[in-house]
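The structure under discussion appears below in the form of structure tokens.
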Amino acid sequence: MILIDGKAIAEQIKQEIAEEVRQIKLKGYKIPHLAAILVGNDGGSLSYVTHKVKDCEEIGFKSTLLHFEDNISQNFLLNEIDKLNNNPDVDGFIVQLPLPKHIDEQTIINAIQPSKDVDGFHPVNVGKMVLGLPAFISATPLGIVELLKRYRIPTQGKHIVILGRSNIVGRPLSILLSQKGIDGTVTVAHSKTTNLKELCLQADILVAAMGQPGFVTADMVKHGSVVIDVGTTRVPSTETKSGWKLVGDVQFDEVAPKCSYITPVPGGVGPMTRIGLLKNTLQAAKSRS
Ligand code: NAP
């Protein structure tokens, strides 16, 4: 069994992007600039955004964090998005989700100029991705595809079963993995799927993206298969200073011995998700210069 080290691969890609930024600076071009909007004080969101800004600093990007109270109106937020859309110094920006209940997330996503939508959530980018055209692809599916490529895990003709059909993970991943060049045969399962265990047992590559801690057990996994665990659920823990730890959708200890490759949680898909945003921002900056 080979443990897929997402942390190490992410670090390697970060160095590659940092080198590109050094070259951009040497040539006297404008350095890539990522802006992030955070609404409210949710601990998880604050920590995600802080990490994203820190990543930017580490690789030499410029970054701007706009942090607003959770009682701002939808119109106020739309106005801030408009300013970023029209700010020539900003190459790409994200609005950290989830947003407070009184703000409609799809309206906000629709307002982001597609050429600056480095999260890849805008319908134009999703549509382009479906058609196989150049687009910003959302970070988690992009990171998973990159992990498979870097570990040279064969996908052509393989049966890939994805548990979960969300717009940010399962659905876009299913499209990417069935595209020409990757050539997987993809099955997408969800909460209404009836024969889940039988499906999982057919998988050459099994991706769990449900947010159901420990759902995938050893009896659901074929010998020699590849298991990608996207799930990250915070559960209380006495082992950590923070009082919580992240748990995946896979029962790692019992599943790992049956696999050819498996991602751990944490340290698997998570670090790659942070890289996807940086790659998209670099791409946005390059297409502008
Ligand atoms: P989501 O929007 O809640 O979607 C979950 C999907 O799983 C839905 O399609 C749901 O089916 C399906 N599902 C839930 N319970 C199921 C069950 N018992 N059997 C079969 N299918 C079931 O979640 P998400 O945003 O895709 O995230 C999924 C997990 O990945 C979460 O733990 C999240 O924290 C994690 N995540 C991690 C990263 C990372 O960087 N590592 C990035 C993004 C997300 P229905 O559609 O029928 O409801």
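How things are named: the first chain in the structure tokens is A, the next is B, and so on; residues count from 1 in each chain; ligands count from 1 in the order shown.
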Excluding same-chain residues fewer than 5 positions from stretch 246-257 of chain A, what lies within 12 Å of it counting only C-alpha atoms, as a CSV table (one decimal) with all heavy atoms, in the first residue's frame?
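Writing done, so here's selection05.csv:
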```csv
chain,number,residue,atom,x,y,z
A,1,MET,N,0.8,-1.2,0.0
A,1,MET,CA,0.0,0.0,0.0
A,1,MET,C,0.9,1.3,0.0
A,1,MET,O,1.8,1.3,0.8
A,1,MET,CB,-0.9,0.0,1.3
A,1,MET,CG,-1.8,1.1,1.4
A,1,MET,SD,-1.1,2.6,2.2
A,1,MET,CE,-0.8,2.0,3.8
A,2,ILE,N,0.5,2.2,-0.9
A,2,ILE,CA,1.3,3.5,-0.9
A,2,ILE,C,0.4,4.6,-0.4
A,2,ILE,O,-0.7,4.7,-0.8
A,2,ILE,CB,1.8,3.8,-2.4
A,2,ILE,CG1,2.8,2.7,-2.8
A,2,ILE,CG2,2.4,5.2,-2.5
A,2,ILE,CD1,3.2,2.8,-4.3
A,3,LEU,N,1.0,5.3,0.6
A,3,LEU,CA,0.2,6.4,1.1
A,3,LEU,C,0.4,7.7,0.2
A,3,LEU,O,1.6,8.0,0.0
A,3,LEU,CB,0.8,6.7,2.5
A,3,LEU,CG,0.0,7.7,3.4
A,3,LEU,CD1,-1.4,7.1,3.8
A,3,LEU,CD2,0.8,8.0,4.7
A,4,ILE,N,-0.7,8.2,-0.3
A,4,ILE,CA,-0.5,9.4,-1.1
A,4,ILE,C,-0.3,10.6,-0.2
A,4,ILE,O,-1.2,11.0,0.6
A,4,ILE,CB,-1.8,9.6,-2.0
A,4,ILE,CG1,-2.0,8.4,-2.9
A,4,ILE,CG2,-1.8,10.9,-2.8
A,4,ILE,CD1,-3.2,8.4,-3.8
A,44,GLY,N,-14.1,28.2,11.3
A,44,GLY,CA,-13.6,27.4,10.2
A,44,GLY,C,-13.3,28.3,9.0
A,44,GLY,O,-12.2,28.2,8.5
A,163,LEU,N,-18.5,8.9,-4.3
A,163,LEU,CA,-19.6,9.0,-3.4
A,163,LEU,C,-19.8,10.4,-3.1
A,163,LEU,O,-19.0,11.1,-2.4
A,163,LEU,CB,-19.2,8.2,-2.1
A,163,LEU,CG,-18.8,6.7,-2.3
A,163,LEU,CD1,-18.4,6.1,-1.0
A,163,LEU,CD2,-20.0,5.9,-2.9
A,164,GLY,N,-20.9,11.0,-3.6
A,164,GLY,CA,-21.2,12.5,-3.4
A,164,GLY,C,-21.3,13.2,-4.7
A,164,GLY,O,-20.5,12.8,-5.6
A,206,LEU,N,-11.9,4.6,-5.8
A,206,LEU,CA,-13.1,5.0,-5.0
A,206,LEU,C,-12.8,6.3,-4.4
A,206,LEU,O,-11.8,6.5,-3.7
A,206,LEU,CB,-13.4,3.9,-3.9
A,206,LEU,CG,-14.5,4.2,-3.0
A,206,LEU,CD1,-15.9,4.2,-3.7
A,206,LEU,CD2,-14.6,3.2,-1.9
A,207,VAL,N,-13.7,7.3,-4.7
A,207,VAL,CA,-13.5,8.6,-4.1
A,207,VAL,C,-14.7,8.9,-3.1
A,207,VAL,O,-15.9,8.8,-3.5
A,207,VAL,CB,-13.6,9.7,-5.2
A,207,VAL,CG1,-13.4,11.1,-4.5
A,207,VAL,CG2,-12.5,9.5,-6.2
A,208,ALA,N,-14.4,9.1,-1.8
A,208,ALA,CA,-15.4,9.4,-0.8
A,208,ALA,C,-15.5,10.8,-0.5
A,208,ALA,O,-14.6,11.4,0.0
A,208,ALA,CB,-15.1,8.6,0.4
A,209,ALA,N,-16.6,11.5,-0.9
A,209,ALA,CA,-16.8,12.9,-0.7
A,209,ALA,C,-18.2,13.2,-0.2
A,209,ALA,O,-19.0,13.8,-0.8
A,209,ALA,CB,-16.5,13.7,-2.0
A,210,MET,N,-18.5,12.7,1.0
A,210,MET,CA,-19.8,12.8,1.6
A,210,MET,C,-19.9,13.6,2.9
A,210,MET,O,-21.0,14.1,3.2
A,210,MET,CB,-20.3,11.3,1.9
A,210,MET,CG,-20.5,10.4,0.8
A,210,MET,SD,-20.9,8.8,1.3
A,210,MET,CE,-19.4,8.3,2.0
A,211,GLY,N,-18.8,13.6,3.6
A,211,GLY,CA,-18.9,14.3,4.9
A,211,GLY,C,-19.6,13.4,5.9
A,211,GLY,O,-20.3,13.8,6.8
A,212,GLN,N,-19.4,12.0,5.8
A,212,GLN,CA,-19.9,11.0,6.7
A,212,GLN,C,-18.7,10.3,7.3
A,212,GLN,O,-18.2,9.3,6.7
A,212,GLN,CB,-20.8,10.0,5.9
A,212,GLN,CG,-22.0,10.6,5.2
A,212,GLN,CD,-23.1,11.1,6.2
A,212,GLN,OE1,-23.2,10.5,7.3
A,212,GLN,NE2,-23.9,12.1,5.8
A,213,PRO,N,-18.3,10.7,8.5
A,213,PRO,CA,-17.1,10.1,9.1
A,213,PRO,C,-17.1,8.6,9.1
A,213,PRO,O,-18.0,8.0,9.6
A,213,PRO,CB,-17.0,10.7,10.5
A,213,PRO,CG,-17.9,11.9,10.5
A,213,PRO,CD,-18.9,11.7,9.4
A,214,GLY,N,-16.0,8.0,8.6
A,214,GLY,CA,-15.8,6.5,8.7
A,214,GLY,C,-16.9,5.7,8.0
A,214,GLY,O,-17.0,4.5,8.2
A,215,PHE,N,-17.5,6.3,7.0
A,215,PHE,CA,-18.6,5.6,6.3
A,215,PHE,C,-18.1,4.4,5.5
A,215,PHE,O,-18.7,3.3,5.4
A,215,PHE,CB,-19.3,6.6,5.3
A,215,PHE,CG,-20.4,6.0,4.6
A,215,PHE,CD1,-21.7,6.2,5.0
A,215,PHE,CD2,-20.3,5.3,3.4
A,215,PHE,CE1,-22.8,5.7,4.3
A,215,PHE,CE2,-21.4,4.9,2.7
A,215,PHE,CZ,-22.7,5.0,3.2
A,216,VAL,N,-16.9,4.6,4.8
A,216,VAL,CA,-16.4,3.5,4.0
A,216,VAL,C,-15.6,2.5,4.8
A,216,VAL,O,-14.5,2.9,5.4
A,216,VAL,CB,-15.5,4.1,2.8
A,216,VAL,CG1,-14.9,3.0,2.0
A,216,VAL,CG2,-16.3,5.0,2.0
A,217,THR,N,-16.0,1.3,4.8
A,217,THR,CA,-15.4,0.2,5.7
A,217,THR,C,-14.7,-0.8,4.7
A,217,THR,O,-14.9,-0.8,3.5
A,217,THR,CB,-16.4,-0.5,6.5
A,217,THR,OG1,-17.6,-0.8,5.7
A,217,THR,CG2,-16.9,0.4,7.7
A,218,ALA,N,-13.9,-1.6,5.3
A,218,ALA,CA,-13.0,-2.6,4.5
A,218,ALA,C,-13.9,-3.5,3.6
A,218,ALA,O,-13.5,-3.8,2.5
A,218,ALA,CB,-12.2,-3.4,5.5
A,219,ASP,N,-15.1,-3.9,4.1
A,219,ASP,CA,-15.9,-4.8,3.3
A,219,ASP,C,-16.5,-4.1,2.1
A,219,ASP,O,-17.2,-4.7,1.3
A,219,ASP,CB,-17.0,-5.4,4.2
A,219,ASP,CG,-17.9,-4.4,4.8
A,219,ASP,OD1,-17.5,-3.2,4.9
A,219,ASP,OD2,-19.1,-4.7,5.1
A,220,MET,N,-16.3,-2.8,1.9
A,220,MET,CA,-16.8,-2.1,0.8
A,220,MET,C,-15.8,-1.8,-0.3
A,220,MET,O,-16.0,-1.2,-1.3
A,220,MET,CB,-17.4,-0.7,1.2
A,220,MET,CG,-18.6,-0.8,2.1
A,220,MET,SD,-18.9,0.8,2.9
A,220,MET,CE,-19.7,1.7,1.6
A,221,VAL,N,-14.5,-2.3,0.0
A,221,VAL,CA,-13.4,-1.9,-0.9
A,221,VAL,C,-12.8,-3.2,-1.5
A,221,VAL,O,-12.5,-4.1,-0.8
A,221,VAL,CB,-12.4,-1.1,-0.1
A,221,VAL,CG1,-11.1,-0.8,-0.9
A,221,VAL,CG2,-13.0,0.1,0.5
A,222,LYS,N,-12.5,-3.1,-2.9
A,222,LYS,CA,-11.9,-4.2,-3.6
A,222,LYS,C,-10.4,-4.2,-3.3
A,222,LYS,O,-9.8,-3.1,-3.2
A,222,LYS,CB,-12.2,-3.9,-5.1
A,222,LYS,CG,-11.7,-5.0,-6.0
A,222,LYS,CD,-12.3,-4.8,-7.4
A,222,LYS,CE,-11.5,-3.7,-8.2
A,222,LYS,NZ,-12.0,-3.7,-9.6
A,223,HIS,N,-9.8,-5.4,-3.2
A,223,HIS,CA,-8.4,-5.5,-3.0
A,223,HIS,C,-7.6,-4.8,-4.2
A,223,HIS,O,-8.0,-5.0,-5.3
A,223,HIS,CB,-8.0,-7.0,-3.0
A,223,HIS,CG,-8.0,-7.6,-1.6
A,223,HIS,ND1,-7.1,-7.3,-0.7
A,223,HIS,CD2,-8.9,-8.4,-1.0
A,223,HIS,CE1,-7.4,-7.9,0.4
A,223,HIS,NE2,-8.5,-8.6,0.3
A,224,GLY,N,-6.6,-4.0,-3.8
A,224,GLY,CA,-5.8,-3.4,-4.9
A,224,GLY,C,-6.4,-2.1,-5.4
A,224,GLY,O,-5.8,-1.5,-6.3
A,225,SER,N,-7.5,-1.6,-4.9
A,225,SER,CA,-8.1,-0.4,-5.4
A,225,SER,C,-7.4,0.8,-4.8
A,225,SER,O,-6.6,0.8,-3.9
A,225,SER,CB,-9.6,-0.3,-5.1
A,225,SER,OG,-9.8,-0.4,-3.7
A,226,VAL,N,-7.7,2.0,-5.5
A,226,VAL,CA,-7.2,3.3,-5.0
A,226,VAL,C,-8.3,4.0,-4.3
A,226,VAL,O,-9.4,4.1,-4.8
A,226,VAL,CB,-6.7,4.1,-6.2
A,226,VAL,CG1,-6.3,5.5,-5.8
A,226,VAL,CG2,-5.7,3.4,-7.1
A,227,VAL,N,-8.0,4.5,-3.1
A,227,VAL,CA,-9.1,5.1,-2.3
A,227,VAL,C,-8.7,6.6,-2.0
A,227,VAL,O,-7.6,6.9,-1.5
A,227,VAL,CB,-9.4,4.4,-1.0
A,227,VAL,CG1,-10.3,5.2,-0.1
A,227,VAL,CG2,-10.0,3.0,-1.3
A,228,ILE,N,-9.5,7.5,-2.4
A,228,ILE,CA,-9.3,8.9,-2.2
A,228,ILE,C,-10.3,9.4,-1.2
A,228,ILE,O,-11.5,9.4,-1.5
A,228,ILE,CB,-9.4,9.7,-3.6
A,228,ILE,CG1,-8.5,9.2,-4.7
A,228,ILE,CG2,-9.1,11.2,-3.3
A,228,ILE,CD1,-7.0,9.3,-4.5
A,229,ASP,N,-9.9,9.9,-0.1
A,229,ASP,CA,-10.8,10.3,1.0
A,229,ASP,C,-10.8,11.8,1.0
A,229,ASP,O,-9.9,12.5,1.4
A,229,ASP,CB,-10.3,9.7,2.3
A,229,ASP,CG,-11.3,9.9,3.4
A,229,ASP,OD1,-12.4,10.6,3.2
A,229,ASP,OD2,-11.1,9.4,4.5
A,230,VAL,N,-12.0,12.4,0.6
A,230,VAL,CA,-12.1,13.9,0.5
A,230,VAL,C,-12.7,14.4,1.9
A,230,VAL,O,-12.5,15.5,2.2
A,230,VAL,CB,-13.0,14.3,-0.7
A,230,VAL,CG1,-13.0,15.8,-0.8
A,230,VAL,CG2,-12.5,13.7,-1.9
A,231,GLY,N,-13.4,13.5,2.5
A,231,GLY,CA,-14.2,13.9,3.7
A,231,GLY,C,-13.3,14.6,4.8
A,231,GLY,O,-12.2,14.1,5.0
A,232,THR,N,-13.8,15.6,5.3
A,232,THR,CA,-13.2,16.3,6.5
A,232,THR,C,-14.3,16.7,7.4
A,232,THR,O,-15.0,17.7,7.1
A,232,THR,CB,-12.3,17.5,6.1
A,232,THR,OG1,-13.1,18.3,5.2
A,232,THR,CG2,-11.0,17.1,5.4
A,233,THR,N,-14.5,16.0,8.5
A,233,THR,CA,-15.5,16.4,9.5
A,233,THR,C,-14.7,16.6,10.8
A,233,THR,O,-13.9,15.9,11.2
A,233,THR,CB,-16.5,15.2,9.7
A,233,THR,OG1,-17.1,14.9,8.4
A,233,THR,CG2,-17.6,15.7,10.6
A,234,ARG,N,-15.1,17.8,11.4
A,234,ARG,CA,-14.5,18.1,12.7
A,234,ARG,C,-15.2,17.3,13.8
A,234,ARG,O,-16.4,17.4,13.9
A,234,ARG,CB,-14.6,19.6,13.0
A,234,ARG,CG,-13.7,20.5,12.3
A,234,ARG,CD,-13.9,21.9,12.9
A,234,ARG,NE,-13.0,22.8,12.2
A,234,ARG,CZ,-12.6,24.0,12.7
A,234,ARG,NH1,-13.0,24.4,13.9
A,234,ARG,NH2,-11.7,24.7,12.0
A,235,VAL,N,-14.4,16.5,14.6
A,235,VAL,CA,-15.0,15.8,15.7
A,235,VAL,C,-14.3,16.2,17.0
A,235,VAL,O,-13.1,16.5,16.9
A,235,VAL,CB,-15.0,14.3,15.5
A,235,VAL,CG1,-15.9,13.9,14.3
A,235,VAL,CG2,-13.6,13.7,15.4
A,236,PRO,N,-14.9,16.2,18.1
A,236,PRO,CA,-14.3,16.5,19.4
A,236,PRO,C,-13.1,15.5,19.6
A,236,PRO,O,-13.2,14.3,19.3
A,236,PRO,CB,-15.4,16.3,20.4
A,236,PRO,CG,-16.6,16.3,19.7
A,236,PRO,CD,-16.4,15.8,18.3
A,237,SER,N,-12.0,16.0,20.2
A,237,SER,CA,-10.9,15.1,20.4
A,237,SER,C,-10.1,15.5,21.7
A,237,SER,O,-9.9,16.8,21.9
A,237,SER,CB,-9.9,15.1,19.2
A,237,SER,OG,-8.7,14.5,19.6
A,239,GLU,N,-7.1,14.4,22.1
A,239,GLU,CA,-5.7,14.2,21.6
A,239,GLU,C,-5.1,15.5,21.2
A,239,GLU,O,-3.9,15.6,21.0
A,239,GLU,CB,-5.6,13.2,20.5
A,239,GLU,CG,-6.1,11.8,20.8
A,239,GLU,CD,-6.6,11.1,19.5
A,239,GLU,OE1,-6.0,11.4,18.4
A,239,GLU,OE2,-7.4,10.2,19.6
A,240,THR,N,-5.9,16.5,20.9
A,240,THR,CA,-5.4,17.8,20.3
A,240,THR,C,-5.6,18.9,21.2
A,240,THR,O,-6.5,18.9,22.0
A,240,THR,CB,-6.1,18.1,18.9
A,240,THR,OG1,-7.5,18.2,19.2
A,240,THR,CG2,-5.9,17.0,17.9
A,262,ILE,N,-3.8,5.1,-1.1
A,262,ILE,CA,-4.8,5.7,-0.3
A,262,ILE,C,-4.4,7.1,0.2
A,262,ILE,O,-3.2,7.3,0.5
A,262,ILE,CB,-5.2,4.8,0.9
A,262,ILE,CG1,-6.5,5.3,1.7
A,262,ILE,CG2,-4.1,4.5,1.9
A,262,ILE,CD1,-7.1,4.4,2.6
A,263,THR,N,-5.3,8.0,0.3
A,263,THR,CA,-5.0,9.3,0.9
A,263,THR,C,-5.3,9.3,2.4
A,263,THR,O,-6.4,8.8,2.8
A,263,THR,CB,-5.8,10.5,0.2
A,263,THR,OG1,-7.2,10.2,0.4
A,263,THR,CG2,-5.4,10.6,-1.2
A,264,PRO,N,-4.5,9.9,3.2
A,264,PRO,CA,-4.8,10.1,4.6
A,264,PRO,C,-5.7,11.3,4.9
A,264,PRO,O,-5.8,12.2,4.0
A,264,PRO,CB,-3.5,10.3,5.3
A,264,PRO,CG,-2.6,11.0,4.2
A,264,PRO,CD,-3.2,10.5,2.9
A,265,VAL,N,-6.3,11.4,6.0
A,265,VAL,CA,-7.0,12.7,6.4
A,265,VAL,C,-6.5,12.9,7.9
A,265,VAL,O,-6.6,12.1,8.7
A,265,VAL,CB,-8.5,12.5,6.5
A,265,VAL,CG1,-9.1,13.8,7.1
A,265,VAL,CG2,-9.1,12.3,5.1
A,266,PRO,N,-5.8,14.0,8.1
A,266,PRO,CA,-5.5,15.1,7.2
A,266,PRO,C,-4.2,14.7,6.4
A,266,PRO,O,-3.6,13.7,6.6
A,266,PRO,CB,-5.2,16.3,8.1
A,266,PRO,CG,-4.7,15.7,9.4
A,266,PRO,CD,-5.4,14.4,9.5
A,267,GLY,N,-3.8,15.6,5.5
A,267,GLY,CA,-2.5,15.4,4.7
A,267,GLY,C,-2.7,14.8,3.4
A,267,GLY,O,-1.7,14.4,2.7
A,268,GLY,N,-3.9,14.6,2.9
A,268,GLY,CA,-4.2,14.0,1.6
A,268,GLY,C,-4.7,15.0,0.6
A,268,GLY,O,-3.9,15.8,0.0
A,269,VAL,N,-6.0,15.1,0.5
A,269,VAL,CA,-6.6,16.0,-0.5
A,269,VAL,C,-6.6,17.4,0.0
A,269,VAL,O,-6.4,18.4,-0.8
A,269,VAL,CB,-8.1,15.5,-0.7
A,269,VAL,CG1,-8.8,16.5,-1.6
A,269,VAL,CG2,-8.1,14.1,-1.4
A,270,GLY,N,-6.7,17.6,1.3
A,270,GLY,CA,-6.8,19.0,1.9
A,270,GLY,C,-5.7,19.9,1.4
A,270,GLY,O,-6.0,21.0,0.8
```
Using only C-alpha atoms, I'd like a table of the residues in stretch 88-140 of chain A that come within 10 Å of stretch 178-186 of chain A; for each, show the closest atom pair and its distance in Å rounded to one decimal, ordered by chain and ascending number, as a Markdown table.
```
| residue | atom | partner | partner_atom | distance |
| --- | --- | --- | --- | --- |
| A:Met129 | CA | A:Gln179 | CA | 9.7 |
| A:Val130 | CA | A:Gln179 | CA | 8.7 |
| A:Leu131 | CA | A:Gln179 | CA | 9.2 |
| A:Gly132 | CA | A:Gln179 | CA | 7.3 |
```
message: With only C-alpha atoms as the counted atoms, please give the residues lying no more than 6 Å from stretch 89-101 of chain A, apart from itself and same-chain residues fewer than 4 positions off, as a PyMOL selection string.
response: chain A and resi 33-38+116+118+281+284-285
For the selection just defined, write its residues with C-alpha atoms to a file, as an mmCIF file, in the first residue's frame.
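Listed below is the output, part25.cif:
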```
data_model
loop_
_atom_site.group_PDB
_atom_site.id
_atom_site.type_symbol
_atom_site.label_atom_id
_atom_site.label_comp_id
_atom_site.auth_asym_id
_atom_site.auth_seq_id
_atom_site.Cartn_x
_atom_site.Cartn_y
_atom_site.Cartn_z
ATOM 1 C CA HIS A 33 -2.774 39.402 -6.712
ATOM 2 C CA LEU A 34 -5.467 37.325 -4.985
ATOM 3 C CA ALA A 35 -8.219 38.986 -2.941
ATOM 4 C CA ALA A 36 -10.524 37.175 -0.526
ATOM 5 C CA ILE A 37 -13.820 38.309 0.948
ATOM 6 C CA LEU A 38 -14.821 36.896 4.330
ATOM 7 C CA LYS A 116 -11.497 36.574 -11.939
ATOM 8 C CA VAL A 118 -10.432 31.652 -9.287
ATOM 9 C CA THR A 281 -4.644 32.793 -9.570
ATOM 10 C CA ALA A 284 -5.523 34.490 -14.126
ATOM 11 C CA ALA A 285 -2.496 36.783 -13.750
#
```
Selection near stretch 51-64 of chain A, 9 Å with only C-alpha atoms, sequence-local residues under 5 positions removed, as a list of chain:residue names: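 So the residues in contact are A:Lys14, A:Gln15, A:Ile17, A:Ala18, A:Glu19, A:Val21, A:Arg22, A:Ile31, A:Pro32, A:His33, A:Leu34, A:Ala35, A:Ala36, A:Ile37, A:Leu46, A:Val90, A:Arg274, A:Ile275, A:Leu277, A:Leu278, A:Leu282.
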Write the residues of the preceding selection, restricted to C-alpha atoms, as an mmCIF file, in the first residue's frame.
```cif
data_model
loop_
_atom_site.group_PDB
_atom_site.id
_atom_site.type_symbol
_atom_site.label_atom_id
_atom_site.label_comp_id
_atom_site.auth_asym_id
_atom_site.auth_seq_id
_atom_site.Cartn_x
_atom_site.Cartn_y
_atom_site.Cartn_z
ATOM 1 C CA LYS A 14 4.104 25.554 -4.195
ATOM 2 C CA GLN A 15 7.846 25.686 -4.920
ATOM 3 C CA ILE A 17 4.645 28.345 -8.447
ATOM 4 C CA ALA A 18 7.074 30.373 -6.282
ATOM 5 C CA GLU A 19 9.741 29.903 -8.982
ATOM 6 C CA VAL A 21 6.569 34.215 -9.471
ATOM 7 C CA ARG A 22 10.322 34.877 -9.137
ATOM 8 C CA ILE A 31 2.990 39.980 -9.465
ATOM 9 C CA PRO A 32 -0.240 37.926 -9.140
ATOM 10 C CA HIS A 33 -2.774 39.402 -6.712
ATOM 11 C CA LEU A 34 -5.467 37.325 -4.985
ATOM 12 C CA ALA A 35 -8.219 38.986 -2.941
ATOM 13 C CA ALA A 36 -10.524 37.175 -0.526
ATOM 14 C CA ILE A 37 -13.820 38.309 0.948
ATOM 15 C CA LEU A 46 -11.603 32.411 9.209
ATOM 16 C CA VAL A 90 -6.679 42.234 -8.655
ATOM 17 C CA ARG A 274 -5.177 25.092 -1.188
ATOM 18 C CA ILE A 275 -2.836 24.671 -4.175
ATOM 19 C CA LEU A 277 -6.526 28.301 -5.780
ATOM 20 C CA LEU A 278 -2.916 29.402 -6.207
ATOM 21 C CA LEU A 282 -1.344 32.370 -11.397
#
```
task: Return as a PyMOL selection string the full set of residues in stretch 31-271 of chain A whose backbone-based DSSP assignment is alpha helix (DSSP H).
output: chain A and resi 43-59+74-85+105-111+123-131+139-150+170-177+196-201+252-255+269-271
Output file for the selection above: C-alpha atoms, as a compact mmCIF listing (two decimals), in the first residue's frame:
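For reference, out09.txt as written:
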```
# COMPACT_ATOMS: atom_id res chain seq x y z
CA GLY A 43 -13.98 29.91 13.06
CA GLY A 44 -13.63 27.40 10.21
CA SER A 45 -13.99 30.01 7.46
CA LEU A 46 -11.60 32.41 9.21
CA SER A 47 -8.98 29.69 9.46
CA TYR A 48 -9.41 28.65 5.78
CA VAL A 49 -9.05 32.25 4.57
CA THR A 50 -6.07 32.92 6.84
CA HIS A 51 -4.31 29.88 5.39
CA LYS A 52 -5.07 31.02 1.84
CA VAL A 53 -3.57 34.46 2.54
CA LYS A 54 -0.53 32.85 4.21
CA ASP A 55 -0.02 30.59 1.17
CA CYS A 56 -0.03 33.69 -1.07
CA GLU A 57 2.62 35.39 1.05
CA GLU A 58 4.81 32.28 1.05
CA ILE A 59 4.93 32.01 -2.74
CA GLN A 74 -26.44 41.54 -0.01
CA ASN A 75 -26.28 44.83 -1.92
CA PHE A 76 -23.24 45.94 0.07
CA LEU A 77 -21.49 42.68 -0.80
CA LEU A 78 -22.47 42.97 -4.48
CA ASN A 79 -20.97 46.45 -4.49
CA GLU A 80 -17.68 45.14 -3.04
CA ILE A 81 -17.61 42.43 -5.72
CA ASP A 82 -18.16 45.07 -8.37
CA LYS A 83 -15.15 47.01 -7.06
CA LEU A 84 -12.94 43.90 -7.26
CA ASN A 85 -14.27 43.07 -10.74
CA GLU A 105 -24.85 32.47 -2.48
CA GLN A 106 -25.70 31.84 -6.13
CA THR A 107 -26.47 35.56 -6.68
CA ILE A 108 -23.06 36.39 -5.22
CA ILE A 109 -21.24 33.77 -7.32
CA ASN A 110 -23.03 34.97 -10.46
CA ALA A 111 -21.77 38.52 -9.79
CA PRO A 123 -21.66 29.02 -14.14
CA VAL A 124 -19.49 30.18 -17.06
CA ASN A 125 -16.44 28.39 -15.67
CA VAL A 126 -18.47 25.30 -14.76
CA GLY A 127 -19.96 25.24 -18.27
CA LYS A 128 -16.56 25.63 -19.92
CA MET A 129 -15.18 22.81 -17.78
CA VAL A 130 -18.05 20.54 -18.87
CA LEU A 131 -17.23 21.30 -22.50
CA ALA A 139 -9.79 23.58 -6.30
CA THR A 140 -10.67 20.21 -4.76
CA PRO A 141 -11.42 18.31 -8.01
CA LEU A 142 -8.37 19.97 -9.60
CA GLY A 143 -6.22 18.86 -6.65
CA ILE A 144 -7.47 15.26 -6.82
CA VAL A 145 -6.74 15.00 -10.55
CA GLU A 146 -3.26 16.42 -9.94
CA LEU A 147 -2.60 13.86 -7.18
CA LEU A 148 -3.58 10.98 -9.49
CA LYS A 149 -1.30 12.39 -12.22
CA ARG A 150 1.70 13.00 -9.97
CA GLY A 170 -18.38 15.12 -6.59
CA ARG A 171 -20.09 16.57 -9.68
CA PRO A 172 -17.12 18.48 -11.18
CA LEU A 173 -14.76 15.61 -10.33
CA SER A 174 -17.00 13.17 -12.21
CA ILE A 175 -16.79 15.38 -15.30
CA LEU A 176 -13.03 15.81 -15.13
CA LEU A 177 -12.33 12.11 -14.62
CA LEU A 196 -23.84 1.49 -2.60
CA LYS A 197 -21.77 -1.38 -1.23
CA GLU A 198 -21.97 -3.37 -4.50
CA LEU A 199 -20.96 -0.25 -6.46
CA CYS A 200 -18.01 0.45 -4.19
CA LEU A 201 -16.80 -3.13 -4.55
CA PHE A 252 -8.45 4.33 7.29
CA ASP A 253 -6.96 1.63 9.56
CA GLU A 254 -9.07 -1.22 8.18
CA VAL A 255 -9.30 0.00 4.56
CA VAL A 269 -6.64 15.96 -0.48
CA GLY A 270 -6.79 19.00 1.87
CA PRO A 271 -3.35 20.51 1.10
```
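With only C-alpha atoms as the atoms that count, the residue of A:Val188, A:Ile153, A:Ala10, A:Ile112 with the shortest distance to A:Arg165 is A:Val188.
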- request: as a PyMOL selection string, please: all residues of stretch 8-240 of chain A that backbone DSSP puts in strand (DSSP E).
  value: chain A and resi 33-39+62-68+92-95+159-163+185-189+205-208+225-229+233-236
Atomic distance atom 14 (C, counted along the ligand's line) of ligand 1 - atom CA of A:Phe136, expressed in Å with one decimal: 26.0 Å
task: Quick one: pull the distance between atom 48 (O, counted along the ligand's line) of ligand 1 and atom CA of A:Ser191, Å, one decimal.
output: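 Value for the atom 48 (O, counted along the ligand's line) of ligand 1-atom CA of A:Ser191 distance: 5.3 Å.
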